[in-house]
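Okay, entry06.pdb now, which holds PDB, C-alpha atoms and all ligand atoms:
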MODEL        1
ATOM      1  CA  GLY A  16     310.279  33.159 132.696  1.00  0.00           C
ATOM      2  CA  ARG A  17     307.222  30.971 133.043  1.00  0.00           C
ATOM      3  CA  PRO A  18     306.688  28.472 135.855  1.00  0.00           C
ATOM      4  CA  ALA A  19     307.084  24.784 134.891  1.00  0.00           C
ATOM      5  CA  ASP A  20     303.814  24.105 136.714  1.00  0.00           C
ATOM      6  CA  LEU A  21     302.420  21.947 133.902  1.00  0.00           C
ATOM      7  CA  ALA A  22     305.451  19.652 133.709  1.00  0.00           C
ATOM      8  CA  GLY A  23     304.360  16.053 133.203  1.00  0.00           C
ATOM      9  CA  ARG A  24     300.759  17.096 132.518  1.00  0.00           C
ATOM     10  CA  ARG A  25     298.985  16.047 129.350  1.00  0.00           C
ATOM     11  CA  VAL A  26     296.742  18.729 127.912  1.00  0.00           C
ATOM     12  CA  VAL A  27     294.379  18.642 124.952  1.00  0.00           C
ATOM     13  CA  ILE A  28     293.424  21.910 123.269  1.00  0.00           C
ATOM     14  CA  SER A  29     290.957  22.389 120.424  1.00  0.00           C
ATOM     15  CA  ALA A  30     291.466  25.425 118.207  1.00  0.00           C
ATOM     16  CA  GLY A  31     290.059  27.084 115.125  1.00  0.00           C
ATOM     17  CA  GLY A  32     286.601  26.757 113.667  1.00  0.00           C
ATOM     18  CA  THR A  33     284.802  23.814 112.140  1.00  0.00           C
ATOM     19  CA  ARG A  34     283.535  23.669 108.550  1.00  0.00           C
ATOM     20  CA  GLU A  35     280.331  21.834 107.759  1.00  0.00           C
ATOM     21  CA  ALA A  36     280.227  20.667 104.148  1.00  0.00           C
ATOM     22  CA  ILE A  37     277.309  21.545 101.872  1.00  0.00           C
ATOM     23  CA  ASP A  38     278.873  19.992  98.771  1.00  0.00           C
ATOM     24  CA  PRO A  39     282.480  19.229  97.659  1.00  0.00           C
ATOM     25  CA  VAL A  40     283.363  22.927  97.358  1.00  0.00           C
ATOM     26  CA  ARG A  41     281.098  24.746  99.828  1.00  0.00           C
ATOM     27  CA  PHE A  42     280.778  24.797 103.574  1.00  0.00           C
ATOM     28  CA  ILE A  43     279.189  26.615 106.508  1.00  0.00           C
ATOM     29  CA  GLY A  44     281.979  28.061 108.622  1.00  0.00           C
ATOM     30  CA  ASN A  45     282.837  30.741 111.148  1.00  0.00           C
ATOM     31  CA  ARG A  46     285.417  33.474 111.713  1.00  0.00           C
ATOM     32  CA  SER A  47     287.604  31.740 114.296  1.00  0.00           C
ATOM     33  CA  SER A  48     291.303  32.091 113.368  1.00  0.00           C
ATOM     34  CA  GLY A  49     292.753  29.653 115.900  1.00  0.00           C
ATOM     35  CA  LEU A  50     294.998  32.369 117.383  1.00  0.00           C
ATOM     36  CA  GLN A  51     293.715  31.925 120.965  1.00  0.00           C
ATOM     37  CA  GLY A  52     293.951  28.131 120.870  1.00  0.00           C
ATOM     38  CA  TYR A  53     297.472  28.268 119.438  1.00  0.00           C
ATOM     39  CA  ALA A  54     298.494  30.806 122.111  1.00  0.00           C
ATOM     40  CA  LEU A  55     297.169  28.347 124.714  1.00  0.00           C
ATOM     41  CA  ALA A  56     299.239  25.568 123.131  1.00  0.00           C
ATOM     42  CA  ARG A  57     302.467  27.592 123.027  1.00  0.00           C
ATOM     43  CA  THR A  58     302.116  28.791 126.625  1.00  0.00           C
ATOM     44  CA  ALA A  59     301.249  25.289 127.897  1.00  0.00           C
ATOM     45  CA  LEU A  60     304.361  23.935 126.153  1.00  0.00           C
ATOM     46  CA  ALA A  61     306.450  26.719 127.714  1.00  0.00           C
ATOM     47  CA  ARG A  62     305.115  25.669 131.138  1.00  0.00           C
ATOM     48  CA  GLY A  63     306.185  22.073 130.585  1.00  0.00           C
ATOM     49  CA  ALA A  64     302.974  20.405 129.366  1.00  0.00           C
ATOM     50  CA  GLU A  65     302.699  17.671 126.778  1.00  0.00           C
ATOM     51  CA  VAL A  66     300.251  19.175 124.266  1.00  0.00           C
ATOM     52  CA  THR A  67     297.838  17.645 121.773  1.00  0.00           C
ATOM     53  CA  LEU A  68     296.322  20.341 119.580  1.00  0.00           C
ATOM     54  CA  VAL A  69     293.188  19.468 117.639  1.00  0.00           C
ATOM     55  CA  ALA A  70     293.145  22.126 114.921  1.00  0.00           C
ATOM     56  CA  ALA A  71     290.100  22.858 112.791  1.00  0.00           C
ATOM     57  CA  ASN A  72     290.968  24.788 109.632  1.00  0.00           C
ATOM     58  CA  VAL A  73     293.782  26.866 111.113  1.00  0.00           C
ATOM     59  CA  ALA A  74     296.334  28.596 108.860  1.00  0.00           C
ATOM     60  CA  LEU A  75     299.050  29.009 111.498  1.00  0.00           C
ATOM     61  CA  PRO A  76     302.419  27.260 111.950  1.00  0.00           C
ATOM     62  CA  ASP A  77     302.407  24.207 114.234  1.00  0.00           C
ATOM     63  CA  PRO A  78     303.655  25.105 117.729  1.00  0.00           C
ATOM     64  CA  ALA A  79     307.050  23.382 118.150  1.00  0.00           C
ATOM     65  CA  GLY A  80     306.686  20.291 120.284  1.00  0.00           C
ATOM     66  CA  ALA A  81     302.906  19.895 120.026  1.00  0.00           C
ATOM     67  CA  GLU A  82     301.166  16.925 118.485  1.00  0.00           C
ATOM     68  CA  VAL A  83     298.813  18.529 115.939  1.00  0.00           C
ATOM     69  CA  ILE A  84     295.735  16.685 114.684  1.00  0.00           C
ATOM     70  CA  ARG A  85     293.975  18.430 111.802  1.00  0.00           C
ATOM     71  CA  VAL A  86     290.220  18.158 111.436  1.00  0.00           C
ATOM     72  CA  GLU A  87     287.556  19.874 109.388  1.00  0.00           C
ATOM     73  CA  SER A  88     284.053  19.233 110.745  1.00  0.00           C
ATOM     74  CA  ALA A  89     282.488  19.137 114.214  1.00  0.00           C
ATOM     75  CA  LEU A  90     282.080  15.352 113.994  1.00  0.00           C
ATOM     76  CA  GLU A  91     285.771  14.945 113.116  1.00  0.00           C
ATOM     77  CA  LEU A  92     286.739  17.289 115.943  1.00  0.00           C
ATOM     78  CA  ARG A  93     284.582  15.284 118.361  1.00  0.00           C
ATOM     79  CA  ALA A  94     286.230  11.989 117.388  1.00  0.00           C
ATOM     80  CA  ALA A  95     289.742  13.462 117.669  1.00  0.00           C
ATOM     81  CA  VAL A  96     289.073  15.115 121.055  1.00  0.00           C
ATOM     82  CA  LEU A  97     287.414  12.040 122.581  1.00  0.00           C
ATOM     83  CA  GLU A  98     290.399   9.925 121.576  1.00  0.00           C
ATOM     84  CA  ALA A  99     292.983  12.500 122.709  1.00  0.00           C
ATOM     85  CA  VAL A 100     291.462  13.021 126.191  1.00  0.00           C
ATOM     86  CA  GLU A 101     292.122   9.408 127.185  1.00  0.00           C
ATOM     87  CA  GLY A 102     294.793   9.728 129.853  1.00  0.00           C
ATOM     88  CA  ALA A 103     294.857  13.529 129.636  1.00  0.00           C
ATOM     89  CA  ASP A 104     294.857  15.778 132.718  1.00  0.00           C
ATOM     90  CA  VAL A 105     293.272  18.827 131.099  1.00  0.00           C
ATOM     91  CA  VAL A 106     291.093  19.641 128.108  1.00  0.00           C
ATOM     92  CA  VAL A 107     290.496  23.188 126.890  1.00  0.00           C
ATOM     93  CA  MET A 108     287.876  23.586 124.191  1.00  0.00           C
ATOM     94  CA  ALA A 109     288.895  26.811 122.472  1.00  0.00           C
ATOM     95  CA  ALA A 110     287.553  25.828 119.046  1.00  0.00           C
ATOM     96  CA  ALA A 111     284.428  27.430 117.606  1.00  0.00           C
ATOM     97  CA  VAL A 112     282.341  24.335 116.903  1.00  0.00           C
ATOM     98  CA  ALA A 113     279.393  24.697 114.536  1.00  0.00           C
ATOM     99  CA  ASP A 114     276.130  24.127 116.366  1.00  0.00           C
ATOM    100  CA  PHE A 115     274.500  22.794 113.182  1.00  0.00           C
ATOM    101  CA  ARG A 116     275.526  20.962 110.020  1.00  0.00           C
ATOM    102  CA  PRO A 117     273.731  20.319 106.715  1.00  0.00           C
ATOM    103  CA  ALA A 118     271.656  17.157 107.121  1.00  0.00           C
ATOM    104  CA  ALA A 119     273.026  15.794 103.858  1.00  0.00           C
ATOM    105  CA  ARG A 120     276.195  16.559 101.944  1.00  0.00           C
ATOM    106  CA  SER A 121     275.715  16.686  98.183  1.00  0.00           C
ATOM    107  CA  GLY A 122     278.209  14.379  96.459  1.00  0.00           C
ATOM    108  CA  SER A 123     278.500  16.719  93.492  1.00  0.00           C
ATOM    109  CA  LYS A 124     278.644  20.500  93.249  1.00  0.00           C
ATOM    110  CA  ILE A 125     275.171  22.011  93.512  1.00  0.00           C
ATOM    111  CA  LYS A 126     274.381  23.619  90.141  1.00  0.00           C
ATOM    112  CA  LYS A 127     273.091  27.109  89.587  1.00  0.00           C
ATOM    113  CA  THR A 128     269.488  26.978  88.334  1.00  0.00           C
ATOM    114  CA  ALA A 129     267.009  29.519  87.029  1.00  0.00           C
ATOM    115  CA  ALA A 130     264.830  28.993  90.090  1.00  0.00           C
ATOM    116  CA  ASP A 131     265.846  29.588  93.676  1.00  0.00           C
ATOM    117  CA  PRO A 132     267.790  26.660  95.166  1.00  0.00           C
ATOM    118  CA  ASP A 133     266.426  24.169  97.662  1.00  0.00           C
ATOM    119  CA  ALA A 134     266.726  25.128 101.322  1.00  0.00           C
ATOM    120  CA  ILE A 135     269.682  23.649 103.190  1.00  0.00           C
ATOM    121  CA  HIS A 136     268.248  21.523 105.966  1.00  0.00           C
ATOM    122  CA  LEU A 137     270.317  21.704 109.153  1.00  0.00           C
ATOM    123  CA  VAL A 138     270.659  19.224 112.013  1.00  0.00           C
ATOM    124  CA  LYS A 139     272.251  19.738 115.446  1.00  0.00           C
ATOM    125  CA  ASN A 140     275.857  18.816 116.084  1.00  0.00           C
ATOM    126  CA  PRO A 141     276.725  17.117 119.367  1.00  0.00           C
ATOM    127  CA  ASP A 142     277.940  19.504 122.072  1.00  0.00           C
ATOM    128  CA  ILE A 143     281.419  18.112 122.680  1.00  0.00           C
ATOM    129  CA  LEU A 144     282.171  20.175 125.790  1.00  0.00           C
ATOM    130  CA  ALA A 145     278.904  19.115 127.434  1.00  0.00           C
ATOM    131  CA  GLU A 146     279.666  15.511 126.478  1.00  0.00           C
ATOM    132  CA  LEU A 147     283.096  15.684 128.155  1.00  0.00           C
ATOM    133  CA  GLY A 148     281.396  16.856 131.358  1.00  0.00           C
ATOM    134  CA  GLU A 149     278.745  14.132 131.129  1.00  0.00           C
ATOM    135  CA  ARG A 150     281.309  11.396 130.534  1.00  0.00           C
ATOM    136  CA  ARG A 151     283.233  12.512 133.599  1.00  0.00           C
ATOM    137  CA  ARG A 152     280.076  12.565 135.749  1.00  0.00           C
ATOM    138  CA  GLU A 153     279.224   9.062 134.565  1.00  0.00           C
ATOM    139  CA  GLY A 154     282.743   7.993 135.567  1.00  0.00           C
ATOM    140  CA  LEU A 155     282.918   5.124 133.078  1.00  0.00           C
ATOM    141  CA  LYS A 156     286.411   6.086 131.947  1.00  0.00           C
ATOM    142  CA  PRO A 157     289.086   8.210 133.601  1.00  0.00           C
ATOM    143  CA  SER A 158     288.441  11.792 132.504  1.00  0.00           C
ATOM    144  CA  PRO A 159     290.516  14.979 132.586  1.00  0.00           C
ATOM    145  CA  ALA A 160     290.684  16.543 136.073  1.00  0.00           C
ATOM    146  CA  VAL A 161     290.104  19.962 134.519  1.00  0.00           C
ATOM    147  CA  ILE A 162     287.622  20.629 131.712  1.00  0.00           C
ATOM    148  CA  ALA A 163     287.529  24.176 130.338  1.00  0.00           C
ATOM    149  CA  GLY A 164     285.583  25.899 127.600  1.00  0.00           C
ATOM    150  CA  PHE A 165     285.275  29.236 125.890  1.00  0.00           C
ATOM    151  CA  ALA A 166     282.090  31.148 125.225  1.00  0.00           C
ATOM    152  CA  ALA A 167     281.515  34.215 123.106  1.00  0.00           C
ATOM    153  CA  GLU A 168     278.690  36.408 124.319  1.00  0.00           C
ATOM    154  CA  THR A 169     277.435  39.722 123.020  1.00  0.00           C
ATOM    155  CA  ASP A 170     275.308  40.743 126.011  1.00  0.00           C
ATOM    156  CA  ASP A 171     274.567  39.758 129.625  1.00  0.00           C
ATOM    157  CA  VAL A 172     278.051  38.256 129.578  1.00  0.00           C
ATOM    158  CA  LEU A 173     278.109  37.156 133.224  1.00  0.00           C
ATOM    159  CA  ALA A 174     274.569  35.786 133.472  1.00  0.00           C
ATOM    160  CA  ASN A 175     274.846  33.946 130.171  1.00  0.00           C
ATOM    161  CA  GLY A 176     278.310  32.685 131.113  1.00  0.00           C
ATOM    162  CA  ARG A 177     277.148  31.314 134.479  1.00  0.00           C
ATOM    163  CA  ALA A 178     274.201  29.542 132.863  1.00  0.00           C
ATOM    164  CA  LYS A 179     276.442  28.061 130.181  1.00  0.00           C
ATOM    165  CA  LEU A 180     279.048  26.868 132.703  1.00  0.00           C
ATOM    166  CA  ALA A 181     276.326  25.020 134.614  1.00  0.00           C
ATOM    167  CA  ARG A 182     274.720  23.604 131.473  1.00  0.00           C
ATOM    168  CA  LYS A 183     278.013  22.324 130.077  1.00  0.00           C
ATOM    169  CA  GLY A 184     279.241  20.926 133.392  1.00  0.00           C
ATOM    170  CA  CYS A 185     282.782  22.230 132.962  1.00  0.00           C
ATOM    171  CA  ASP A 186     285.181  23.550 135.609  1.00  0.00           C
ATOM    172  CA  LEU A 187     286.201  26.792 133.917  1.00  0.00           C
ATOM    173  CA  LEU A 188     284.497  28.886 131.266  1.00  0.00           C
ATOM    174  CA  VAL A 189     286.396  31.712 129.579  1.00  0.00           C
ATOM    175  CA  VAL A 190     283.731  34.185 128.552  1.00  0.00           C
ATOM    176  CA  ASN A 191     284.564  36.657 125.800  1.00  0.00           C
ATOM    177  CA  GLN A 192     282.637  39.742 125.000  1.00  0.00           C
ATOM    178  CA  VAL A 193     282.528  39.763 121.207  1.00  0.00           C
ATOM    179  CA  GLY A 194     282.097  42.825 119.041  1.00  0.00           C
ATOM    180  CA  GLU A 195     284.147  46.048 119.039  1.00  0.00           C
ATOM    181  CA  ASN A 196     286.908  44.288 117.051  1.00  0.00           C
ATOM    182  CA  LEU A 197     287.744  42.047 119.992  1.00  0.00           C
ATOM    183  CA  ALA A 198     288.420  38.316 119.850  1.00  0.00           C
ATOM    184  CA  PHE A 199     287.990  36.994 116.287  1.00  0.00           C
ATOM    185  CA  GLY A 200     291.135  37.254 114.158  1.00  0.00           C
ATOM    186  CA  THR A 201     292.796  39.876 116.338  1.00  0.00           C
ATOM    187  CA  PRO A 202     295.942  39.482 118.489  1.00  0.00           C
ATOM    188  CA  ASP A 203     294.111  40.880 121.537  1.00  0.00           C
ATOM    189  CA  ASN A 204     291.432  39.422 123.732  1.00  0.00           C
ATOM    190  CA  ALA A 205     289.656  40.178 126.997  1.00  0.00           C
ATOM    191  CA  ALA A 206     287.580  37.826 129.097  1.00  0.00           C
ATOM    192  CA  VAL A 207     286.023  36.890 132.388  1.00  0.00           C
ATOM    193  CA  VAL A 208     286.890  33.385 133.584  1.00  0.00           C
ATOM    194  CA  LEU A 209     284.099  31.786 135.611  1.00  0.00           C
ATOM    195  CA  SER A 210     284.690  28.692 137.708  1.00  0.00           C
ATOM    196  CA  ALA A 211     282.239  26.031 138.850  1.00  0.00           C
ATOM    197  CA  ASP A 212     282.986  26.876 142.503  1.00  0.00           C
ATOM    198  CA  GLY A 213     281.647  30.405 141.955  1.00  0.00           C
ATOM    199  CA  GLY A 214     285.002  32.063 141.261  1.00  0.00           C
ATOM    200  CA  ARG A 215     285.513  34.912 138.837  1.00  0.00           C
ATOM    201  CA  THR A 216     288.753  36.224 137.301  1.00  0.00           C
ATOM    202  CA  ASP A 217     288.735  39.283 135.060  1.00  0.00           C
ATOM    203  CA  ILE A 218     291.366  39.327 132.331  1.00  0.00           C
ATOM    204  CA  PRO A 219     291.839  42.837 130.915  1.00  0.00           C
ATOM    205  CA  ARG A 220     292.321  43.426 127.209  1.00  0.00           C
ATOM    206  CA  GLY A 221     295.751  42.265 126.166  1.00  0.00           C
ATOM    207  CA  PRO A 222     297.653  39.748 124.003  1.00  0.00           C
ATOM    208  CA  LYS A 223     296.081  36.294 123.622  1.00  0.00           C
ATOM    209  CA  GLU A 224     299.287  34.857 125.158  1.00  0.00           C
ATOM    210  CA  ALA A 225     298.628  36.788 128.390  1.00  0.00           C
ATOM    211  CA  LEU A 226     295.050  35.507 128.517  1.00  0.00           C
ATOM    212  CA  ALA A 227     296.379  31.998 127.919  1.00  0.00           C
ATOM    213  CA  ASP A 228     298.841  32.283 130.818  1.00  0.00           C
ATOM    214  CA  THR A 229     296.046  33.363 133.172  1.00  0.00           C
ATOM    215  CA  VAL A 230     293.961  30.368 132.063  1.00  0.00           C
ATOM    216  CA  TRP A 231     296.918  28.051 132.806  1.00  0.00           C
ATOM    217  CA  ASP A 232     297.371  29.712 136.249  1.00  0.00           C
ATOM    218  CA  LEU A 233     293.762  28.793 137.044  1.00  0.00           C
ATOM    219  CA  VAL A 234     294.168  25.287 135.610  1.00  0.00           C
ATOM    220  CA  ALA A 235     297.405  24.656 137.525  1.00  0.00           C
ATOM    221  CA  ALA A 236     295.751  25.771 140.780  1.00  0.00           C
ATOM    222  CA  ARG A 237     293.019  23.173 140.198  1.00  0.00           C
ATOM    223  CA  LEU A 238     295.504  20.414 139.389  1.00  0.00           C
ATOM    224  CA  GLY A 239     297.251  21.150 142.719  1.00  0.00           C
TER     225      GLY A 239
HETATM  226  O1  LIG B 301     277.376  26.911 123.421  1.00  0.00           O
HETATM  227  P1  LIG B 301     278.551  27.612 122.884  1.00  0.00           P
HETATM  228  O2  LIG B 301     278.852  27.307 121.457  1.00  0.00           O
HETATM  229  O3  LIG B 301     278.572  29.096 123.158  1.00  0.00           O
HETATM  230  O4  LIG B 301     279.753  27.036 123.782  1.00  0.00           O
HETATM  231  C1  LIG B 301     281.063  27.300 123.451  1.00  0.00           C
HETATM  232  C2  LIG B 301     281.957  26.246 124.060  1.00  0.00           C
HETATM  233  O5  LIG B 301     281.423  24.940 123.819  1.00  0.00           O
HETATM  234  C3  LIG B 301     283.333  26.229 123.450  1.00  0.00           C
HETATM  235  O6  LIG B 301     284.246  25.774 124.435  1.00  0.00           O
HETATM  236  C4  LIG B 301     283.189  25.223 122.307  1.00  0.00           C
HETATM  237  O7  LIG B 301     284.427  24.659 121.983  1.00  0.00           O
HETATM  238  C5  LIG B 301     282.231  24.224 122.917  1.00  0.00           C
HETATM  239  N1  LIG B 301     281.326  23.573 121.948  1.00  0.00           N
HETATM  240  C6  LIG B 301     281.401  22.203 121.748  1.00  0.00           C
HETATM  241  N2  LIG B 301     280.546  21.592 120.871  1.00  0.00           N
HETATM  242  C7  LIG B 301     279.612  22.288 120.215  1.00  0.00           C
HETATM  243  C8  LIG B 301     279.501  23.681 120.415  1.00  0.00           C
HETATM  244  C9  LIG B 301     280.386  24.295 121.281  1.00  0.00           C
HETATM  245  O8  LIG B 301     282.261  21.570 122.365  1.00  0.00           O
HETATM  246  N3  LIG B 301     278.789  21.662 119.377  1.00  0.00           N
ENDMDL
END
Could you express the structure from this file as structure tokens?
Amino acid sequence: GRPADLAGRRVVISAGGTREAIDPVRFIGNRSSGLQGYALARTALARGAEVTLVAANVALPDPAGAEVIRVESALELRAAVLEAVEGADVVVMAAAVADFRPAARSGSKIKKTAADPDAIHLVKNPDILAELGERRREGLKPSPAVIAGFAAETDDVLANGRAKLARKGCDLLVVNQVGENLAFGTPDNAAVVLSADGGRTDIPRGPKEALADTVWDLVAARLG
């Protein structure tokens, strides 16, 4: 059985991948399935947590007992997460958030023309994880005691992970090596969890539930 070490704790988890609309029928998206975020939600519930799951375009059944908020775009995900973290103890950003979105969304379907289409102009999305860290540093509102993120890297996993952890100002960063059929859309995952205090925990390849439990072990240790 699992420990009830998250009993009475409120956790917010983002999952899935955002879609950035081009027109009413088209979007820029990514390959995130939501499996890792949902595994985090199920395991947190099993350990006694109260869970709010902010789900971006996930085709999976709601975990029993979680409050599920469905969103589509990065801006919607940002609004839902910022509202949900009020009074929360932990936030884990497992969602793949688009770094860019089309500057304008066409109100009607873009028509096929004889000539090549116009370029799609992109603008930056806010970095929600970095914003959560900044808000906590500013101390204007009570913020989660533990802020965690995920990062997919293809090379220099540790160096890139360390730099990202510092840049985003989070407590834990779960760094995935992507490629070789790992991570996206598969039941298995492997990662290195880096912590702001210099710690490192290697999670060998295994079910996403096992990775989730190790993340909650590290979170629970920080909550004390
Ligand atoms: O910078 P990168 O996209 O690799 O960072 C990944 C982490 O940052 C994930 O935890 C993701 O949820 C979060 N993120 C975010 N807002 C963005 C981009 C990523 O919160 N615009």
Restrict the calculation to all atoms listed in the file, then for each residue of chain A with any atom at most 6 Å from an atom of ligand LIG 301 (chain B) give the closest atom pair and their distance in Å to one decimal, rows by chain and rising residue number, as a Markdown table.
| residue | atom | partner | partner_atom | distance |
| --- | --- | --- | --- | --- |
| A:Met108 | CA | B:LIG301 | O7 | 4.2 |
| A:Ala109 | CA | B:LIG301 | O7 | 5.0 |
| A:Ala110 | CA | B:LIG301 | O7 | 4.4 |
| A:Ala111 | CA | B:LIG301 | O7 | 5.2 |
| A:Val112 | CA | B:LIG301 | C8 | 4.6 |
| A:Ala113 | CA | B:LIG301 | N3 | 5.7 |
| A:Asp114 | CA | B:LIG301 | N3 | 4.7 |
| A:Asn140 | CA | B:LIG301 | N3 | 5.2 |
| A:Pro141 | CA | B:LIG301 | N3 | 5.0 |
| A:Asp142 | CA | B:LIG301 | N2 | 3.5 |
| A:Ile143 | CA | B:LIG301 | O8 | 3.6 |
| A:Leu144 | CA | B:LIG301 | O8 | 3.7 |
| A:Gly164 | CA | B:LIG301 | O6 | 3.4 |
| A:Phe165 | CA | B:LIG301 | O6 | 3.9 |
| A:Ala166 | CA | B:LIG301 | C1 | 4.4 |
| A:Ala167 | CA | B:LIG301 | O3 | 5.9 |
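Of the residues listed (A:Asp217, A:Glu65, A:Asp77, A:Glu91), A:Glu91 shows the shortest atom-to-atom separation from Ala36 in chain A; distances use all atoms listed in the file.
Minimum atom-to-atom distances from A:Leu55, A:Ser47, A:Gly122, A:Val40 to Ala225 in chain A were compared using all atoms listed in the file, and the lowest value belongs to A:Leu55.
The gap separating CA of Arg116 in chain A from CA of Val26 in chain A is 27.8 Å, in Å to one decimal.
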(message) Take the PyMOL selection byres (((chain A and resi 87) around 8) and not hetatm), run it mentally on this structure, and tell me the resulting residues as a PyMOL selection string.
(response) chain A and resi 33-35+71-72+85-86+88-89+91-92
(request) Would you kindly translate the PyMOL selection byres (((chain A and resi 121) around 12) and not hetatm) into the concrete residues it picks from this file, as number ranges by chain? (result) A: 35-42, 117-120, 122-126, 133, 135-136
(request) For Val230 in chain A, list every protein, DNA or RNA residue within 12 Å, evaluated using only C-alpha atoms, and leave out those in the same chain fewer than 5 positions away; present the list as a PyMOL selection string. (result) chain A and resi 51-52+54-56+58-59+105-107+109+161-165+186-190+205-210+215-218+223-225+235-237
Find the residues of range 19-135 of chain A that sit at most 10 Å from range 145-155 of chain A; for each, write down the nearest two atoms and how far apart they are in Å, to one decimal. Count all atoms listed in the file. Sort by chain, then by number going up, and give it as a Markdown table.
| residue | atom | partner | partner_atom | distance |
| --- | --- | --- | --- | --- |
| A:Arg93 | CA | A:Glu146 | CA | 9.5 |
| A:Val96 | CA | A:Leu147 | CA | 9.3 |
| A:Leu97 | CA | A:Leu147 | CA | 7.9 |
| A:Val100 | CA | A:Leu147 | CA | 9.0 |
| A:Val106 | CA | A:Leu147 | CA | 8.9 |
Residues at most 7 Å from Val66 in chain A, counting only C-alpha atoms, excluding those fewer than 3 positions away in the same chain, as a CSV table (one decimal) with C-alpha atoms, in the coordinates of the input?
chain,number,residue,atom,x,y,z
A,25,ARG,CA,299.0,16.0,129.4
A,26,VAL,CA,296.7,18.7,127.9
A,27,VAL,CA,294.4,18.6,125.0
A,56,ALA,CA,299.2,25.6,123.1
A,60,LEU,CA,304.4,23.9,126.2
A,81,ALA,CA,302.9,19.9,120.0
A,82,GLU,CA,301.2,16.9,118.5
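Going from CA of Asp228 in chain A over to CA of Pro78 in chain A, you cover 15.7 Å.
Counting from CA of Gly102 in chain A, the distance to CA of Thr67 in chain A is 11.7 Å.
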